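What follows is a set of notes on a single structure, which appears directly below.
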Amino acid sequence: MPDTSKTPVLCIGSALWDTIASASCDMQPGHDVAGIIRRRPGGVALNIALALVERGRPASLLTTIGNDAQGDELIVKLEAAGVDCQYVTRIDDPTDNYLAIETTSGVVFGAIADCASLEKAGDSILAPVRDGRLGTVDNPWKGSVVIDGNLPVSTLESIAENQDFKAAHLSFVPASPGKAERMRAALKAQSATLFVNKGEAEILCNRAMANSIEASEALCKMGAHRAIVTDGPNESALCDENGVISVTPPQVEAKTTTGAGDVFLAAFVGAEMASTLPLPEIMEAAVKAAADHVMKDTK
């Protein structure tokens with residue numbers, strides 16, 4: 001369980017139900033194959049909050065969850081796991097959902113994210129950091145904040161440009177390559193870290209990249225205060241004003257890649273908040289955590 005004496009990480013973004021179908025054999029569009037279908041809590045902000053709690057770091061979730069049976073069940077599971085849900089905005093719309101099909105190697109073949117309620121809520125989920133519960137303009141939140149790319153662009157820009165988090169350390173992460181463009185807001189944020197994979201970096205930079213090192217450097221040239229780029233089994237890189245740190249993940253047999261980036265971010269943020277390791281060792285810990293995650297047999 002997390003140490004509640006520590007300042008929690010605010011995780012802002014999606015919290016929903018994942019429905020993941022794992023194919024038993026190779027497939028092509030239109031194929032109907034055997035496999036295993038499972039349902040579990042998901043969403044980028046939620047996944048990161050759970051991963052932080054598992055590592056002993058308290059996490060508070062700012063999101064929307066429906067006032068329906070699915071929403072009630074989700075809240076119960078999160079609170080049982082140790083995630084602070086007191087700042088969750090309950091709404092009358094249905095709880096959001098995510099549907100994905102994974103290949104036999106755990107790579108996402110295709111997915112649909114239904115985050116309609118989160119999109120509709122917009123800035124309203126930020127009320128706790130503006131009404132005195134988690135901060136005010138005169139006394140803003142001073143801890144770590146993780147922001148996921150399922151939020152609408154207007155909310156991402158509000159977080160990056162307004163004064164609500166002027167004293168906080170921000171970490172931005174896209175939800176998928178399809179929402180990578182939303183991370184342009186992160187390039188405007190001071191003292192923020194942008195977490196992306198190589199494909200998402202290429203979308204933001206509008207060109208192909210040879211590797212994560214080139215991608216992280218390109219993002220910093222575009223304005224990122226600090227950019228961290230992952231590339232699956234290939235090296236991950238961190239670029240900031242002091243240069244580039246690169247780390248090659250251990251070679252493992254992947255069973256699922258869903259949520260690996262969220263685990264990487266949680267491990268990095270948690271280790272950095274502990275302030276006991278140099279950045280190269282924090283990167284090593286993060287890539288190892290992601291590698292451990294993809295090896296898990298969740299079927």
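Quick note on naming: the chains in the structure tokens go A, B, ... in the order shown, residues restart at 1 in each chain, and ligands are numbered from 1 in order of appearance.
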
Worksheet item: If we count only C-alpha atoms, what is near Cys85 of chain A at a cut-off of 8 Å, once residues fewer than 5 positions away on the same chain are taken out, given as a list in words?
Response: Ser60, Leu61, Leu62, Ile75, Leu78 and Glu79 of chain A

Item to complete: For Ala186 of chain A, work out the shell of residues within 12 Å, counting only C-alpha atoms and skipping chain neighbours fewer than 2 positions away, then give it as a PyMOL selection string.
Response: chain A and resi 146-149+153+155-161+170-174+180-184+188-196+204+219-220+222-227

Output N, CA and C atoms for every residue in the selection just made, as a CSV table (one decimal), in the first residue's frame.
chain,number,residue,atom,x,y,z
A,146,VAL,N,0.5,14.3,-13.6
A,146,VAL,CA,0.5,13.5,-14.8
A,146,VAL,C,-0.7,13.8,-15.6
A,147,ILE,N,-0.6,14.2,-16.9
A,147,ILE,CA,-1.7,14.6,-17.7
A,147,ILE,C,-1.7,13.7,-19.0
A,148,ASP,N,-2.9,13.1,-19.2
A,148,ASP,CA,-2.9,12.2,-20.4
A,148,ASP,C,-3.7,12.8,-21.6
A,149,GLY,N,-3.3,12.4,-22.8
A,149,GLY,CA,-3.7,12.9,-24.0
A,149,GLY,C,-5.2,12.6,-24.4
A,153,VAL,N,-8.1,19.1,-26.3
A,153,VAL,CA,-7.0,20.0,-26.6
A,153,VAL,C,-7.2,21.3,-25.7
A,155,THR,N,-8.5,21.6,-22.8
A,155,THR,CA,-8.1,21.4,-21.4
A,155,THR,C,-6.6,21.2,-21.3
A,156,LEU,N,-5.9,20.5,-22.2
A,156,LEU,CA,-4.5,20.4,-22.2
A,156,LEU,C,-3.8,21.8,-22.3
A,157,GLU,N,-4.3,22.6,-23.2
A,157,GLU,CA,-3.8,24.0,-23.3
A,157,GLU,C,-4.0,24.8,-22.0
A,158,SER,N,-5.2,24.6,-21.4
A,158,SER,CA,-5.4,25.3,-20.1
A,158,SER,C,-4.4,24.9,-19.1
A,159,ILE,N,-4.1,23.6,-19.0
A,159,ILE,CA,-3.2,23.1,-18.0
A,159,ILE,C,-1.8,23.7,-18.3
A,160,ALA,N,-1.4,23.7,-19.6
A,160,ALA,CA,-0.1,24.1,-19.9
A,160,ALA,C,0.1,25.6,-19.8
A,161,GLU,N,-0.9,26.4,-20.0
A,161,GLU,CA,-0.7,27.9,-20.1
A,161,GLU,C,-1.2,28.6,-18.9
A,170,LEU,N,5.0,18.9,-14.2
A,170,LEU,CA,4.1,18.3,-15.1
A,170,LEU,C,4.7,17.2,-16.0
A,171,SER,N,4.0,16.1,-16.2
A,171,SER,CA,4.4,15.1,-17.1
A,171,SER,C,3.2,14.9,-18.1
A,172,PHE,N,3.4,15.1,-19.3
A,172,PHE,CA,2.4,14.9,-20.4
A,172,PHE,C,2.7,13.6,-21.1
A,173,VAL,N,1.6,12.8,-21.4
A,173,VAL,CA,1.7,11.6,-22.1
A,173,VAL,C,0.5,11.4,-23.0
A,174,PRO,N,0.8,11.2,-24.4
A,174,PRO,CA,-0.4,11.0,-25.3
A,174,PRO,C,-1.0,9.6,-25.0
A,180,ALA,N,-1.5,12.0,-30.7
A,180,ALA,CA,-0.2,12.5,-30.4
A,180,ALA,C,-0.2,14.0,-30.7
A,181,GLU,N,-0.9,14.5,-31.7
A,181,GLU,CA,-1.0,15.9,-32.0
A,181,GLU,C,-1.4,16.8,-30.9
A,182,ARG,N,-2.2,16.2,-30.0
A,182,ARG,CA,-2.7,17.0,-28.8
A,182,ARG,C,-1.5,17.4,-27.9
A,183,MET,N,-0.4,16.7,-28.0
A,183,MET,CA,0.8,17.0,-27.1
A,183,MET,C,1.5,18.2,-27.5
A,184,ARG,N,1.1,18.9,-28.6
A,184,ARG,CA,1.7,20.2,-28.9
A,184,ARG,C,1.5,21.2,-27.7
A,188,LYS,N,4.4,24.0,-24.8
A,188,LYS,CA,4.2,25.3,-24.3
A,188,LYS,C,4.4,25.4,-22.8
A,189,ALA,N,4.5,24.2,-22.1
A,189,ALA,CA,4.5,24.2,-20.6
A,189,ALA,C,5.9,24.3,-20.1
A,190,GLN,N,6.1,25.2,-19.1
A,190,GLN,CA,7.5,25.3,-18.5
A,190,GLN,C,7.7,24.2,-17.6
A,191,SER,N,9.0,23.7,-17.5
A,191,SER,CA,9.4,22.7,-16.6
A,191,SER,C,8.6,21.4,-16.7
A,192,ALA,N,8.1,21.1,-17.9
A,192,ALA,CA,7.3,19.8,-18.1
A,192,ALA,C,8.1,18.8,-18.8
A,193,THR,N,7.8,17.5,-18.6
A,193,THR,CA,8.4,16.4,-19.2
A,193,THR,C,7.4,15.8,-20.2
A,194,LEU,N,7.8,15.6,-21.4
A,194,LEU,CA,6.9,15.0,-22.4
A,194,LEU,C,7.3,13.5,-22.6
A,195,PHE,N,6.4,12.6,-22.4
A,195,PHE,CA,6.7,11.2,-22.5
A,195,PHE,C,6.0,10.7,-23.8
A,196,VAL,N,6.7,10.2,-24.8
A,196,VAL,CA,6.1,9.7,-26.0
A,196,VAL,C,6.9,8.5,-26.5
A,204,LEU,N,4.6,14.3,-34.1
A,204,LEU,CA,4.7,15.6,-33.6
A,204,LEU,C,5.8,16.4,-34.4
A,219,LEU,N,12.4,16.9,-30.3
A,219,LEU,CA,11.3,17.4,-29.5
A,219,LEU,C,11.8,18.6,-28.6
A,220,CYS,N,13.0,18.5,-28.1
A,220,CYS,CA,13.6,19.6,-27.3
A,220,CYS,C,13.8,20.8,-28.2
A,222,MET,N,12.0,21.6,-30.6
A,222,MET,CA,10.7,22.2,-30.8
A,222,MET,C,10.1,22.9,-29.6
A,223,GLY,N,10.8,22.8,-28.5
A,223,GLY,CA,10.4,23.6,-27.3
A,223,GLY,C,10.2,22.8,-26.0
A,224,ALA,N,10.2,21.4,-26.1
A,224,ALA,CA,10.0,20.6,-24.9
A,224,ALA,C,11.1,20.9,-23.9
A,225,HIS,N,10.7,21.1,-22.6
A,225,HIS,CA,11.7,21.3,-21.6
A,225,HIS,C,12.5,20.0,-21.4
A,226,ARG,N,11.8,18.9,-21.4
A,226,ARG,CA,12.5,17.6,-21.3
A,226,ARG,C,11.6,16.6,-22.1
A,227,ALA,N,12.3,15.8,-22.9
A,227,ALA,CA,11.5,14.8,-23.7
A,227,ALA,C,12.1,13.4,-23.4

Worksheet item: Do you know which residues are at most 8 Å from Asp93 of chain A counting only C-alpha atoms, after dropping those on the same chain fewer than 2 positions away, and could you put them as a ChimeraX atom specification?
Response: /A:66-67,91,95,117

Worksheet item: Within 12 Å of Asn139 of chain A, counting only C-alpha atoms, which residues qualify if same-chain residues fewer than 2 places away don't, as number ranges by chain?
Response: A: 129-137, 141-143, 163-168

Worksheet entry | Among the residues A:Glu253, A:Ala260, A:Lys77, A:Ala237, the one that comes closest to Glu284 of chain A [using only C-alpha atoms] | A:Ala237

Discussion item. Residues within 9 Å of Leu99 of chain A, please, as a ChimeraX atom specification. Count only C-alpha atoms; anything in the same chain fewer than 5 positions from it doesn't count.
Written reply: /A:17-21,110-114

For N, CA and C atoms, I'd like the residues from the last selection saved as a CSV table (one decimal), in the first residue's frame.
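Result file is again-v1.csv:
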chain,number,residue,atom,x,y,z
A,17,TRP,N,-13.3,1.4,-18.6
A,17,TRP,CA,-13.1,-0.1,-18.6
A,17,TRP,C,-12.5,-0.5,-19.9
A,18,ASP,N,-11.4,-1.3,-19.8
A,18,ASP,CA,-10.8,-1.9,-21.0
A,18,ASP,C,-11.4,-3.2,-21.3
A,19,THR,N,-11.7,-3.5,-22.5
A,19,THR,CA,-12.1,-4.8,-23.0
A,19,THR,C,-11.0,-5.2,-24.0
A,20,ILE,N,-10.2,-6.2,-23.6
A,20,ILE,CA,-9.0,-6.6,-24.4
A,20,ILE,C,-9.2,-8.0,-25.0
A,21,ALA,N,-9.2,-8.1,-26.3
A,21,ALA,CA,-9.3,-9.4,-26.9
A,21,ALA,C,-7.9,-9.8,-27.4
A,110,GLY,N,-5.7,-3.3,-33.3
A,110,GLY,CA,-6.6,-2.1,-33.5
A,110,GLY,C,-7.4,-1.9,-32.3
A,111,ALA,N,-7.8,-0.6,-32.1
A,111,ALA,CA,-8.5,-0.2,-30.9
A,111,ALA,C,-9.4,0.9,-31.1
A,112,ILE,N,-10.4,1.1,-30.2
A,112,ILE,CA,-11.3,2.2,-30.2
A,112,ILE,C,-11.4,2.7,-28.8
A,113,ALA,N,-11.2,4.0,-28.6
A,113,ALA,CA,-11.4,4.6,-27.2
A,113,ALA,C,-12.6,5.4,-27.2
A,114,ASP,N,-13.6,5.1,-26.4
A,114,ASP,CA,-14.8,5.9,-26.2
A,114,ASP,C,-14.6,6.7,-25.0

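Between Gly82 of chain A and the candidates A:Asp96, A:Ser105, A:Leu50, A:Leu16, the tightest atom-to-atom separation, counting only C-alpha atoms, involves A:Leu50.
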
Item to complete: Do a neighbour search on Ala267 of chain A at 8 Å with only C-alpha atoms, toss out local chain neighbours closer than 5 positions, and write the hits as a PyMOL selection string.
Response: chain A and resi 51-52+55+285-286+289

Worksheet item: Using only C-alpha atoms, which residue out of A:Ala59, A:Ala100, A:Gly13, A:Ala69 lies closest to Ile37 of chain A?
Response: A:Ala100

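Of the residues in segment 41-117 of chain A, those that DSSP places in alpha helix (DSSP H) on the basis of the backbone are Val44, Ala45, Leu46, Asn47, Ile48, Ala49, Leu50, Ala51, Leu52, Val53, Glu54, Ala69, Gln70, Gly71, Asp72, Glu73, Leu74, Ile75, Val76, Lys77, Leu78, Glu79, Ala80, Ala81, Ala116 and Ser117 of chain A.
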
Discussion item. Excluding Ala210 of chain A and its own-chain neighbours fewer than 4 positions away, which residues fall within 12 Å of it when counting only C-alpha atoms? Please give them as a VMD selection string.
Written reply: chain A and resid 198 to 199 201 to 202 214 to 218 231 234 to 235

Kindly save the residues from that selection, with C-alpha atoms included, as a CSV table (one decimal), in the first residue's frame.
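As written to disk, selection_28.csv reads:
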chain,number,residue,atom,x,y,z
A,198,LYS,CA,9.0,7.0,-31.3
A,199,GLY,CA,6.0,6.9,-33.5
A,201,ALA,CA,7.4,11.7,-31.7
A,202,GLU,CA,7.5,11.3,-35.5
A,214,GLU,CA,17.2,11.7,-32.6
A,215,ALA,CA,13.5,11.9,-31.7
A,216,SER,CA,14.1,13.2,-28.1
A,217,GLU,CA,16.5,15.8,-29.4
A,218,ALA,CA,14.1,17.0,-32.1
A,231,ASP,CA,10.8,2.6,-28.8
A,234,ASN,CA,14.9,-0.7,-28.7
A,235,GLU,CA,16.7,2.0,-26.7

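The smallest atom-to-atom distance between Gly56 of chain A and any of A:Val229, A:Ala81, A:Leu126, A:Val244, using only C-alpha atoms, is found for A:Ala81.
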